[in-house]
$ cat work.cif   # mmCIF, C-alpha atoms
data_start
#
loop_
_atom_site.label_atom_id
_atom_site.label_comp_id
_atom_site.auth_asym_id
_atom_site.auth_seq_id
_atom_site.Cartn_x
_atom_site.Cartn_y
_atom_site.Cartn_z
CA MET A 1 -12.01 20.42 12.74
CA HIS A 2 -15.69 19.80 12.10
CA GLU A 3 -16.82 21.02 15.53
CA LEU A 4 -18.17 24.27 14.10
CA SER A 5 -20.60 22.41 11.85
CA ILE A 6 -21.52 20.16 14.80
CA VAL A 7 -22.25 23.23 16.94
CA GLU A 8 -24.25 24.81 14.10
CA SER A 9 -26.42 21.66 13.97
CA VAL A 10 -26.99 21.98 17.72
CA VAL A 11 -27.98 25.64 17.36
CA ASP A 12 -30.46 24.80 14.59
CA ALA A 13 -32.06 21.96 16.55
CA VAL A 14 -32.32 23.93 19.79
CA THR A 15 -33.67 27.03 18.03
CA GLU A 16 -36.38 24.87 16.51
CA THR A 17 -37.32 23.39 19.89
CA ALA A 18 -37.16 26.69 21.75
CA ALA A 19 -39.55 28.28 19.22
CA ARG A 20 -42.30 26.10 20.71
CA TYR A 21 -42.01 28.04 23.98
CA PRO A 22 -42.81 31.64 23.03
CA GLY A 23 -40.97 34.24 25.06
CA ALA A 24 -38.72 31.66 26.66
CA GLN A 25 -35.00 32.13 26.97
CA VAL A 26 -32.53 29.31 26.58
CA LYS A 27 -30.31 29.13 29.66
CA SER A 28 -28.26 26.04 28.90
CA VAL A 29 -27.80 23.20 26.46
CA LYS A 30 -26.58 19.80 27.60
CA LEU A 31 -24.80 17.45 25.19
CA ARG A 32 -23.75 13.82 25.51
CA VAL A 33 -20.49 13.17 23.68
CA GLY A 34 -18.94 9.73 23.54
CA VAL A 35 -15.21 9.28 23.96
CA LEU A 36 -15.14 7.84 20.42
CA ALA A 37 -17.32 10.54 18.85
CA ALA A 38 -14.28 12.24 17.29
CA VAL A 39 -15.34 15.54 18.77
CA VAL A 40 -13.16 17.65 21.04
CA ARG A 41 -14.87 19.31 23.98
CA GLU A 42 -12.59 22.36 23.94
CA SER A 43 -13.31 22.92 20.25
CA LEU A 44 -17.05 22.72 20.86
CA GLU A 45 -16.74 25.29 23.63
CA PHE A 46 -14.56 27.48 21.46
CA CYS A 47 -17.13 27.44 18.64
CA TRP A 48 -20.13 27.86 20.92
CA GLU A 49 -20.05 31.62 21.44
CA LEU A 50 -19.25 32.19 17.80
CA ALA A 51 -22.17 30.07 16.61
CA THR A 52 -24.75 31.34 19.11
CA VAL A 53 -24.20 35.08 18.80
CA GLY A 54 -27.23 36.72 17.20
CA THR A 55 -29.37 33.60 17.73
CA PRO A 56 -31.97 32.81 20.42
CA LEU A 57 -29.19 30.84 22.12
CA ALA A 58 -26.95 33.84 22.70
CA GLY A 59 -25.67 33.77 26.27
CA ALA A 60 -26.76 30.18 26.90
CA ALA A 61 -24.27 27.88 28.61
CA LEU A 62 -22.96 24.74 26.94
CA VAL A 63 -22.61 21.66 29.11
CA VAL A 64 -20.74 18.73 27.59
CA ASN A 65 -21.14 15.39 29.37
CA SER A 66 -18.68 12.75 28.32
CA VAL A 67 -19.87 9.17 27.72
CA PRO A 68 -17.29 6.46 28.40
CA ILE A 69 -16.65 3.48 26.15
CA VAL A 70 -18.57 0.34 27.11
CA LEU A 71 -17.64 -2.94 25.44
CA HIS A 72 -19.59 -6.15 25.41
CA CYS A 73 -17.19 -9.04 25.81
CA ALA A 74 -18.10 -12.14 23.81
CA ALA A 75 -15.69 -14.23 25.88
CA CYS A 76 -17.08 -13.54 29.36
CA GLY A 77 -20.47 -12.15 28.38
CA GLN A 78 -20.15 -8.98 30.43
CA ASP A 79 -20.48 -5.30 29.56
CA ALA A 80 -17.60 -3.27 30.87
CA GLU A 81 -16.36 0.29 30.76
CA ILE A 82 -12.79 0.78 29.56
CA ASP A 83 -10.38 3.55 30.40
CA GLY A 84 -8.54 5.16 27.53
CA VAL A 85 -8.71 4.35 23.83
CA GLN A 86 -5.48 2.46 23.28
CA SER A 87 -6.71 -1.08 23.74
CA PHE A 88 -10.17 -2.54 23.21
CA ARG A 89 -9.83 -5.36 25.71
CA CYS A 90 -12.33 -6.54 28.29
CA PRO A 91 -11.09 -5.29 31.68
CA ASN A 92 -12.56 -8.38 33.33
CA CYS A 93 -11.01 -11.19 31.29
CA GLY A 94 -8.45 -9.44 29.09
CA GLU A 95 -9.87 -10.66 25.76
CA LEU A 96 -10.16 -8.33 22.77
CA ALA A 97 -13.74 -7.13 22.38
CA SER A 98 -15.12 -5.57 19.21
CA ASP A 99 -18.73 -5.10 20.28
CA LEU A 100 -19.00 -1.42 21.20
CA ARG A 101 -22.12 -0.68 23.26
CA ARG A 102 -21.43 2.94 24.23
CA GLY A 103 -18.93 5.64 23.41
CA ARG A 104 -20.00 6.99 20.00
CA GLU A 105 -22.87 9.15 21.30
CA LEU A 106 -23.17 12.61 19.86
CA GLU A 107 -26.50 13.98 21.01
CA ILE A 108 -28.40 16.83 22.56
CA GLU A 109 -29.58 15.51 25.90
CA SER A 110 -31.71 18.41 27.09
CA ILE A 111 -32.10 22.16 27.17
CA GLU A 112 -32.96 24.40 30.07
CA ILE A 113 -35.26 27.30 29.28
CA GLU A 114 -36.71 30.09 31.37
CA GLU A 115 -40.27 31.00 30.56
CA PRO A 116 -42.12 34.18 31.48
CA GLU A 117 -44.47 34.02 34.49
CA THR A 118 -46.96 31.19 34.39
CA SER A 119 -49.47 29.92 36.97
CA SER A 120 -46.89 27.98 38.92
CA GLU A 121 -44.32 30.29 40.42
CA ASN A 122 -40.69 29.20 40.38
CA ALA A 123 -41.72 25.81 39.18
CA LEU A 124 -39.30 23.36 37.65
CA VAL A 125 -41.03 21.58 34.82
CA HIS A 126 -39.75 18.57 32.93
CA THR A 127 -40.88 18.05 29.38
CA GLN A 128 -40.12 15.14 27.11
CA GLU A 129 -39.96 16.07 23.46
CA THR A 130 -41.00 13.52 20.91
CA LYS A 131 -38.13 12.53 18.71
CA MET B 1 -40.15 32.70 36.07
CA THR B 2 -40.55 29.06 35.27
CA THR B 3 -37.54 26.97 34.52
CA ARG B 4 -38.25 24.14 32.20
CA ILE B 5 -35.95 21.28 31.28
CA VAL B 6 -36.80 20.00 27.83
CA GLU B 7 -35.35 16.57 27.12
CA LEU B 8 -34.44 16.16 23.48
CA ARG B 9 -32.31 12.99 23.28
CA ARG B 10 -31.66 13.86 19.69
CA GLY B 11 -28.65 12.89 17.61
CA ILE B 12 -26.73 15.98 16.57
CA LEU B 13 -25.95 14.41 13.21
CA LYS B 14 -29.50 13.06 12.91
CA LYS B 15 -29.96 14.64 9.48
CA ASN B 16 -26.79 12.99 8.15
CA ASP B 17 -27.67 9.67 9.79
CA GLU B 18 -31.14 9.69 8.19
CA LEU B 19 -29.74 10.55 4.77
CA ALA B 20 -27.09 7.83 5.17
CA ALA B 21 -29.74 5.26 6.07
CA ALA B 22 -31.66 6.20 2.91
CA LEU B 23 -28.45 5.87 0.86
CA ARG B 24 -27.69 2.47 2.40
CA GLU B 25 -31.14 1.27 1.38
CA ARG B 26 -30.61 2.70 -2.11
CA TYR B 27 -27.19 1.00 -2.57
CA SER B 28 -28.65 -2.28 -1.39
CA ARG B 29 -31.62 -2.10 -3.78
CA ALA B 30 -29.25 -1.23 -6.64
CA GLY B 31 -27.07 -4.23 -5.76
CA ALA B 32 -23.91 -2.11 -5.56
CA LEU B 33 -21.21 -2.72 -2.97
CA VAL B 34 -20.23 0.70 -1.61
CA LEU B 35 -16.94 1.33 0.18
CA ASN B 36 -15.70 4.46 1.95
CA LEU B 37 -11.90 4.84 1.83
CA VAL B 38 -10.41 6.95 4.60
CA SER B 39 -6.79 7.87 5.40
CA SER B 40 -4.38 10.71 6.04
CA PRO B 41 -3.30 12.81 3.07
CA GLY B 42 -0.44 11.04 1.29
CA THR B 43 -1.19 7.46 2.33
CA GLY B 44 -1.72 6.44 -1.26
CA LYS B 45 -5.52 6.11 -1.40
CA THR B 46 -5.61 7.26 -5.00
CA ALA B 47 -2.88 4.89 -6.24
CA PHE B 48 -4.50 2.00 -4.34
CA LEU B 49 -7.91 2.88 -5.76
CA GLU B 50 -6.64 3.38 -9.29
CA LEU B 51 -5.16 -0.11 -9.34
CA THR B 52 -8.33 -1.54 -7.78
CA LEU B 53 -10.54 0.13 -10.40
CA ARG B 54 -8.22 -0.95 -13.21
CA ARG B 55 -8.18 -4.58 -12.13
CA LEU B 56 -11.95 -4.73 -11.56
CA THR B 57 -12.66 -3.10 -14.93
CA GLN B 58 -10.28 -5.48 -16.70
CA ALA B 59 -12.07 -8.40 -15.07
CA GLY B 60 -15.36 -7.17 -16.51
CA ALA B 61 -16.85 -5.76 -13.29
CA LYS B 62 -18.64 -2.41 -13.30
CA ALA B 63 -16.80 -0.20 -10.85
CA ALA B 64 -16.91 3.56 -10.36
CA ALA B 65 -15.58 6.11 -7.90
CA LEU B 66 -16.54 9.36 -6.23
CA VAL B 67 -13.47 11.20 -5.02
CA GLY B 68 -13.48 13.96 -2.42
CA ASP B 69 -10.91 16.74 -2.14
CA LEU B 70 -11.01 20.31 -0.94
CA GLU B 71 -9.96 21.59 -4.37
CA THR B 72 -8.78 20.40 -7.83
CA ASP B 73 -9.91 17.50 -9.98
CA ASN B 74 -6.40 16.02 -10.10
CA ASP B 75 -7.44 12.80 -8.37
CA ALA B 76 -10.44 12.27 -10.64
CA ARG B 77 -8.16 12.62 -13.66
CA ARG B 78 -5.64 10.17 -12.17
CA LEU B 79 -8.36 7.64 -11.35
CA ALA B 80 -9.99 7.99 -14.78
CA ALA B 81 -6.81 6.47 -16.26
CA SER B 82 -8.10 3.16 -14.85
CA GLY B 83 -10.91 3.20 -17.41
CA ALA B 84 -13.63 3.38 -14.74
CA PRO B 85 -16.06 6.30 -14.52
CA VAL B 86 -14.99 8.77 -11.84
CA ARG B 87 -16.56 11.93 -10.46
CA GLN B 88 -14.78 14.56 -8.37
CA ILE B 89 -16.43 16.14 -5.33
CA ASN B 90 -14.83 19.43 -4.26
CA THR B 91 -15.76 20.30 -0.70
CA HIS B 92 -14.21 23.80 -0.82
CA GLY B 93 -12.75 23.73 2.65
CA ILE B 94 -14.96 21.15 4.35
CA CYS B 95 -12.79 18.46 5.94
CA HIS B 96 -15.01 15.42 5.21
CA LEU B 97 -17.68 14.11 2.86
CA ASP B 98 -21.23 13.86 4.19
CA ALA B 99 -24.30 11.91 3.09
CA GLU B 100 -25.94 14.96 1.50
CA MET B 101 -22.94 15.52 -0.81
CA ILE B 102 -22.99 11.87 -1.87
CA ALA B 103 -26.74 11.90 -2.57
CA LYS B 104 -26.46 15.09 -4.60
CA HIS B 105 -23.52 13.85 -6.66
CA LEU B 106 -25.17 10.49 -7.33
CA ASP B 107 -28.27 12.29 -8.61
CA ASP B 108 -26.28 14.72 -10.74
CA TRP B 109 -24.14 11.89 -12.09
CA ALA B 110 -27.18 9.81 -13.02
CA SER B 111 -28.73 12.66 -15.01
CA ALA B 112 -25.49 13.80 -16.68
CA GLU B 113 -24.64 13.02 -20.28
CA ASN B 114 -22.81 9.66 -20.31
CA GLY B 115 -23.73 9.54 -16.64
CA VAL B 116 -23.52 6.66 -14.23
CA GLN B 117 -26.53 4.89 -12.76
CA LEU B 118 -26.06 3.21 -9.40
CA GLU B 119 -28.12 0.25 -10.63
CA ALA B 120 -25.53 -0.44 -13.34
CA LEU B 121 -22.65 -0.74 -10.84
CA ASP B 122 -21.18 -3.71 -9.02
CA TYR B 123 -18.88 -1.50 -6.95
CA LEU B 124 -18.85 2.14 -5.94
CA PHE B 125 -15.78 3.47 -4.14
CA ILE B 126 -15.93 6.73 -2.25
CA GLU B 127 -12.48 8.20 -1.67
CA ASN B 128 -12.94 10.50 1.30
CA VAL B 129 -11.03 13.74 1.95
CA GLY B 130 -7.58 12.95 3.36
CA ASN B 131 -8.30 13.23 7.10
CA LEU B 132 -8.28 10.68 9.91
CA VAL B 133 -10.54 12.58 12.29
CA CYS B 134 -13.69 14.16 10.88
CA PRO B 135 -14.78 11.49 8.35
CA SER B 136 -15.31 9.06 11.24
CA SER B 137 -18.44 10.98 12.36
CA TYR B 138 -20.13 11.02 8.96
CA ASP B 139 -21.86 7.86 7.81
CA LEU B 140 -22.10 7.79 3.99
CA GLY B 141 -24.30 4.69 3.99
CA GLU B 142 -21.31 2.57 2.98
CA LYS B 143 -21.25 -1.17 3.53
CA ILE B 144 -17.53 -1.21 4.21
CA ARG B 145 -15.35 1.48 5.69
CA VAL B 146 -11.70 0.96 4.80
CA ALA B 147 -8.98 2.72 6.79
CA LEU B 148 -5.65 2.96 4.97
CA LEU B 149 -2.23 3.52 6.47
CA SER B 150 1.12 3.51 4.71
CA VAL B 151 4.36 2.03 5.99
CA THR B 152 5.85 5.54 6.07
CA GLU B 153 3.33 6.76 8.64
CA GLY B 154 4.40 4.69 11.62
CA GLU B 155 2.97 1.58 13.22
CA ASP B 156 1.19 3.59 15.90
CA LYS B 157 -1.22 5.34 13.54
CA PRO B 158 -4.20 3.26 14.80
CA LEU B 159 -3.31 4.19 18.39
CA LYS B 160 -3.14 7.87 17.47
CA TYR B 161 -6.46 7.87 15.61
CA PRO B 162 -8.56 5.25 17.45
CA THR B 163 -11.91 6.90 16.66
CA LEU B 164 -11.44 6.30 12.94
CA PHE B 165 -9.69 2.93 13.09
CA ASN B 166 -12.25 1.58 15.55
CA SER B 167 -15.04 2.45 13.11
CA ALA B 168 -13.39 0.68 10.15
CA ASP B 169 -14.42 -2.72 8.78
CA ALA B 170 -11.17 -3.32 6.95
CA ALA B 171 -7.67 -1.86 6.88
CA ALA B 172 -5.21 -1.63 4.01
CA ILE B 173 -1.53 -1.14 4.70
CA THR B 174 -0.09 0.58 1.62
CA LYS B 175 3.39 0.97 0.11
CA ILE B 176 4.67 -2.34 1.55
CA ASP B 177 7.29 -2.38 -1.25
CA ILE B 178 9.23 0.21 0.79
CA ALA B 179 8.54 -1.30 4.20
CA GLU B 180 12.11 -2.41 4.75
CA PRO B 181 13.94 0.88 4.09
CA CYS B 182 11.30 2.59 6.25
CA GLY B 183 12.08 0.22 9.14
CA PHE B 184 8.39 -0.70 9.25
CA ASP B 185 7.59 -3.10 12.10
CA ARG B 186 4.89 -5.23 10.51
CA GLU B 187 4.05 -7.30 13.60
CA LEU B 188 3.60 -4.17 15.70
CA ALA B 189 1.35 -2.55 13.09
CA LEU B 190 -0.87 -5.65 12.92
CA HIS B 191 -0.96 -5.82 16.72
CA ASN B 192 -1.94 -2.16 17.03
CA LEU B 193 -4.72 -2.52 14.45
CA ASN B 194 -6.10 -5.47 16.39
CA GLU B 195 -5.94 -3.67 19.73
CA ILE B 196 -8.04 -0.82 18.36
CA ARG B 197 -10.36 -2.84 16.12
CA PRO B 198 -10.30 -6.48 17.20
CA GLY B 199 -10.77 -8.88 14.30
CA ILE B 200 -10.37 -6.26 11.56
CA ARG B 201 -9.56 -7.62 8.07
CA ILE B 202 -6.11 -6.40 7.09
CA PHE B 203 -4.66 -6.23 3.58
CA GLU B 204 -0.95 -5.63 3.03
CA THR B 205 -0.63 -3.96 -0.35
CA SER B 206 1.55 -2.15 -2.80
CA ALA B 207 0.02 -0.24 -5.71
CA LYS B 208 3.48 -0.16 -7.26
CA THR B 209 4.20 -3.90 -7.34
CA GLY B 210 0.59 -5.10 -7.11
CA ALA B 211 1.36 -7.10 -3.96
CA GLY B 212 -1.70 -8.04 -1.92
CA ILE B 213 -4.15 -6.79 -4.54
CA ASP B 214 -5.40 -10.25 -5.50
CA THR B 215 -6.40 -10.97 -1.90
CA TRP B 216 -8.09 -7.57 -1.69
CA LEU B 217 -10.02 -8.24 -4.91
CA GLU B 218 -11.12 -11.65 -3.60
CA TYR B 219 -12.44 -9.95 -0.47
CA LEU B 220 -14.33 -7.41 -2.61
CA ALA B 221 -15.91 -10.19 -4.67
CA GLU B 222 -16.96 -12.05 -1.50
CA GLN B 223 -18.52 -8.91 -0.05
CA ARG B 224 -20.25 -8.17 -3.35
CA ASP B 225 -21.73 -11.69 -3.32
CA THR B 226 -23.28 -11.14 0.10
CA ILE B 227 -25.09 -8.09 -1.33
CA SER B 228 -26.48 -9.74 -4.43
CA ARG B 229 -27.76 -12.66 -2.37
CA GLN B 230 -29.80 -10.35 -0.14
#

$ encode --input "work.cif" --output "structure tokens"
Amino acid sequence: MHELSIVESVVDAVTETAARYPGAQVKSVKLRVGVLAAVVRESLEFCWELATVGTPLAGAALVVNSVPIVLHCAACGQDAEIDGVQSFRCPNCGELASDLRRGRELEIESIEIEEPETSSENALVHTQETK
Amino acid sequence: MTTRIVELRRGILKKNDELAAALRERYSRAGALVLNLVSSPGTGKTAFLELTLRRLTQAGAKAAALVGDLETDNDARRLAASGAPVRQINTHGICHLDAEMIAKHLDDWASAENGVQLEALDYLFIENVGNLVCPSSYDLGEKIRVALLSVTEGEDKPLKYPTLFNSADAAAITKIDIAEPCGFDRELALHNLNEIRPGIRIFETSAKTGAGIDTWLEYLAEQRDTISRQ
């Protein structure tokens, strides 16, 4: 049960980013969580309210997008998504495949913020933060 | 109002990952092979590690261990019987070790009286908190992650905890001296390990009889050689 510390890391990172937009309110936070990330969505959601109360993220929604497992198969050379986590075999040729290309992601994808009135009314602005 | 989508694409455990990368670099420069031992509580990590430390020390290798538990220094005292230097990390409720804890304890250990310098070690073992879930998310900069399972736990342990077993480089099956009375299905256990982590190195061991330990020590020496050649 380390989801609380995961959520606290998210709150810290988002608070830091949101501080660059004075007066803005955080509406939602979108995460990408791999099937093999060892993190349970329900636990994240359970911890979210607890961890955000009294922070600039209070009231913001948490959106958790799951990332499936993708294996690269050395036998047939293809990348393929697998269902479930009980067998790491290439769905195309049936060989065991140890080269994991996706499925361990644990990242903050984006945040949605609402800023006070600016020149462009009701505009939707995309911003790419430097890492 | 203006709605703005700010793309972050930032790892949630970025801080741990960065610290772990720095540790990995530090281990490599020091020429120490570092292993992270992970299992459920009760698998026999401590007995396995005690024998490993004892045998390495007897053979003239410099081996040491950091051992994580929520409370007590019981494991450090048990492991110290091997003759190797051991330091206890108490997490006080935290269910895993993280890179920051390791870095702090290595620094404190180096500056302590009769302390241990990483540069003086051939092997450093990190015995993680008994837990098959949370430690899988926290890179400690180790070269080799070892997942342990005992014959009493059931052959399907890798299927139940795929996130951890899939992240392991090697697996040790412990307590094989009691495999028969436990009705342990060896073939099934090996099959399940391979389904979850294809090609994983598997060691079948008993800390009580010493079975399988020679093969394990040979593997350690081979892995240690790849480090010193770098």

$ interface_residues --input "work.cif" --of "chain A" --to "chain B" --cutoff "7 Å" --atoms "all atoms listed in the file" --output "PyMOL selection string"
chain A and resi 1-2+6+9-10+36-38+85-88+96-98+106-118+121-129+131

$ write_last_selection --input "work.cif" --atoms "C-alpha atoms" --output "PDB file, in the coordinates of the input"
ATOM      1  CA  MET A   1     -12.010  20.420  12.740  1.00  0.00           C
ATOM      2  CA  HIS A   2     -15.690  19.800  12.100  1.00  0.00           C
ATOM      3  CA  ILE A   6     -21.520  20.160  14.800  1.00  0.00           C
ATOM      4  CA  SER A   9     -26.420  21.660  13.970  1.00  0.00           C
ATOM      5  CA  VAL A  10     -26.990  21.980  17.720  1.00  0.00           C
ATOM      6  CA  LEU A  36     -15.140   7.840  20.420  1.00  0.00           C
ATOM      7  CA  ALA A  37     -17.320  10.540  18.850  1.00  0.00           C
ATOM      8  CA  ALA A  38     -14.280  12.240  17.290  1.00  0.00           C
ATOM      9  CA  VAL A  85      -8.710   4.350  23.830  1.00  0.00           C
ATOM     10  CA  GLN A  86      -5.480   2.460  23.280  1.00  0.00           C
ATOM     11  CA  SER A  87      -6.710  -1.080  23.740  1.00  0.00           C
ATOM     12  CA  PHE A  88     -10.170  -2.540  23.210  1.00  0.00           C
ATOM     13  CA  LEU A  96     -10.160  -8.330  22.770  1.00  0.00           C
ATOM     14  CA  ALA A  97     -13.740  -7.130  22.380  1.00  0.00           C
ATOM     15  CA  SER A  98     -15.120  -5.570  19.210  1.00  0.00           C
ATOM     16  CA  LEU A 106     -23.170  12.610  19.860  1.00  0.00           C
ATOM     17  CA  GLU A 107     -26.500  13.980  21.010  1.00  0.00           C
ATOM     18  CA  ILE A 108     -28.400  16.830  22.560  1.00  0.00           C
ATOM     19  CA  GLU A 109     -29.580  15.510  25.900  1.00  0.00           C
ATOM     20  CA  SER A 110     -31.710  18.410  27.090  1.00  0.00           C
ATOM     21  CA  ILE A 111     -32.100  22.160  27.170  1.00  0.00           C
ATOM     22  CA  GLU A 112     -32.960  24.400  30.070  1.00  0.00           C
ATOM     23  CA  ILE A 113     -35.260  27.300  29.280  1.00  0.00           C
ATOM     24  CA  GLU A 114     -36.710  30.090  31.370  1.00  0.00           C
ATOM     25  CA  GLU A 115     -40.270  31.000  30.560  1.00  0.00           C
ATOM     26  CA  PRO A 116     -42.120  34.180  31.480  1.00  0.00           C
ATOM     27  CA  GLU A 117     -44.470  34.020  34.490  1.00  0.00           C
ATOM     28  CA  THR A 118     -46.960  31.190  34.390  1.00  0.00           C
ATOM     29  CA  GLU A 121     -44.320  30.290  40.420  1.00  0.00           C
ATOM     30  CA  ASN A 122     -40.690  29.200  40.380  1.00  0.00           C
ATOM     31  CA  ALA A 123     -41.720  25.810  39.180  1.00  0.00           C
ATOM     32  CA  LEU A 124     -39.300  23.360  37.650  1.00  0.00           C
ATOM     33  CA  VAL A 125     -41.030  21.580  34.820  1.00  0.00           C
ATOM     34  CA  HIS A 126     -39.750  18.570  32.930  1.00  0.00           C
ATOM     35  CA  THR A 127     -40.880  18.050  29.380  1.00  0.00           C
ATOM     36  CA  GLN A 128     -40.120  15.140  27.110  1.00  0.00           C
ATOM     37  CA  GLU A 129     -39.960  16.070  23.460  1.00  0.00           C
ATOM     38  CA  LYS A 131     -38.130  12.530  18.710  1.00  0.00           C
TER      39      LYS A 131
END

$ resolve_selection --input "work.cif" --expression "the PyMOL selection byres ((chain A and resi 103) around 6)" --output "PDB file with C-alpha atoms, keeping the file's coordinate frame"
ATOM      1  CA  GLY A  34     -18.940   9.730  23.540  1.00  0.00           C
ATOM      2  CA  VAL A  35     -15.210   9.280  23.960  1.00  0.00           C
ATOM      3  CA  LEU A  36     -15.140   7.840  20.420  1.00  0.00           C
ATOM      4  CA  VAL A  67     -19.870   9.170  27.720  1.00  0.00           C
ATOM      5  CA  PRO A  68     -17.290   6.460  28.400  1.00  0.00           C
ATOM      6  CA  ILE A  69     -16.650   3.480  26.150  1.00  0.00           C
ATOM      7  CA  ARG A 102     -21.430   2.940  24.230  1.00  0.00           C
ATOM      8  CA  ARG A 104     -20.000   6.990  20.000  1.00  0.00           C
ATOM      9  CA  GLU A 105     -22.870   9.150  21.300  1.00  0.00           C
TER      10      GLU A 105
END

$ resolve_selection --input "work.cif" --expression "the PyMOL selection byres ((chain B and resi 83-90) around 8)" --output "NGL selection string"
:B and (53-54 or 57 or 62-73 or 75-76 or 79-82 or 91-92 or 101 or 105 or 109 or 116)

$ resolve_selection --input "work.cif" --expression "the PyMOL selection byres ((chain A and resi 49-60) around 9)" --output "list in words"
Leu4, Val7, Glu8, Val11, Val14, Thr15, Ala18, Ala19, Gln25, Val26, Lys27, Ser28, Val29, Glu45, Phe46, Cys47, Trp48, Ala61 and Leu62 of chain A

$ residues_around --input "work.cif" --residues "Arg145 in chain B" --least-positions-apart "5" --cutoff "9 Å" --atoms "only C-alpha atoms" --output "compact mmCIF listing (two decimals) with C-alpha atoms, in the frame of the given file"
# COMPACT_ATOMS: atom_id res chain seq x y z
CA VAL B 34 -20.23 0.70 -1.61
CA LEU B 35 -16.94 1.33 0.18
CA ASN B 36 -15.70 4.46 1.95
CA LEU B 37 -11.90 4.84 1.83
CA VAL B 38 -10.41 6.95 4.60
CA SER B 167 -15.04 2.45 13.11
CA ALA B 168 -13.39 0.68 10.15
CA ASP B 169 -14.42 -2.72 8.78
CA ALA B 170 -11.17 -3.32 6.95
CA ALA B 171 -7.67 -1.86 6.88

$ atom_distance --input "work.cif" --atom1 "CA of Ile173 in chain B" --atom2 "CA of Lys143 in chain B"
19.8 Å

$ closest_residue --input "work.cif" --among "A:Arg20, A:Arg101, A:Arg89, A:Arg41" --to "Val64 in chain A" --atoms "all atoms listed in the file"
A:Arg41

$ atom_distance --input "work.cif" --atom1 "CA of Asp185 in chain B" --atom2 "CA of Ala172 in chain B"
15.2 Å

$ closest_atom_pairs --input "work.cif" --of "range 113-178 of chain B" --to "range 208-224 of chain B" --cutoff "9 Å" --atoms "all atoms listed in the file" --output "CSV"
residue,atom,partner,partner_atom,distance
B:Asp122,CA,B:Arg224,CA,7.3
B:Tyr123,CA,B:Arg224,CA,7.7
B:Lys143,CA,B:Gln223,CA,9.0
B:Ile144,CA,B:Gln223,CA,8.9
B:Ala172,CA,B:Trp216,CA,8.7
B:Lys175,CA,B:Lys208,CA,7.5
B:Ile176,CA,B:Ala211,CA,8.0
B:Asp177,CA,B:Thr209,CA,7.0

$ atom_distance --input "work.cif" --atom1 "CA of Glu3 in chain A" --atom2 "CA of Val40 in chain A"
7.4 Å

$ residues_near_point --input "work.cif" --point "(-0.3, 8.6, 4.4)" --cutoff "9 Å" --atoms "only C-alpha atoms" --output "PyMOL selection string"
chain B and resi 39-45+130+148-153+174
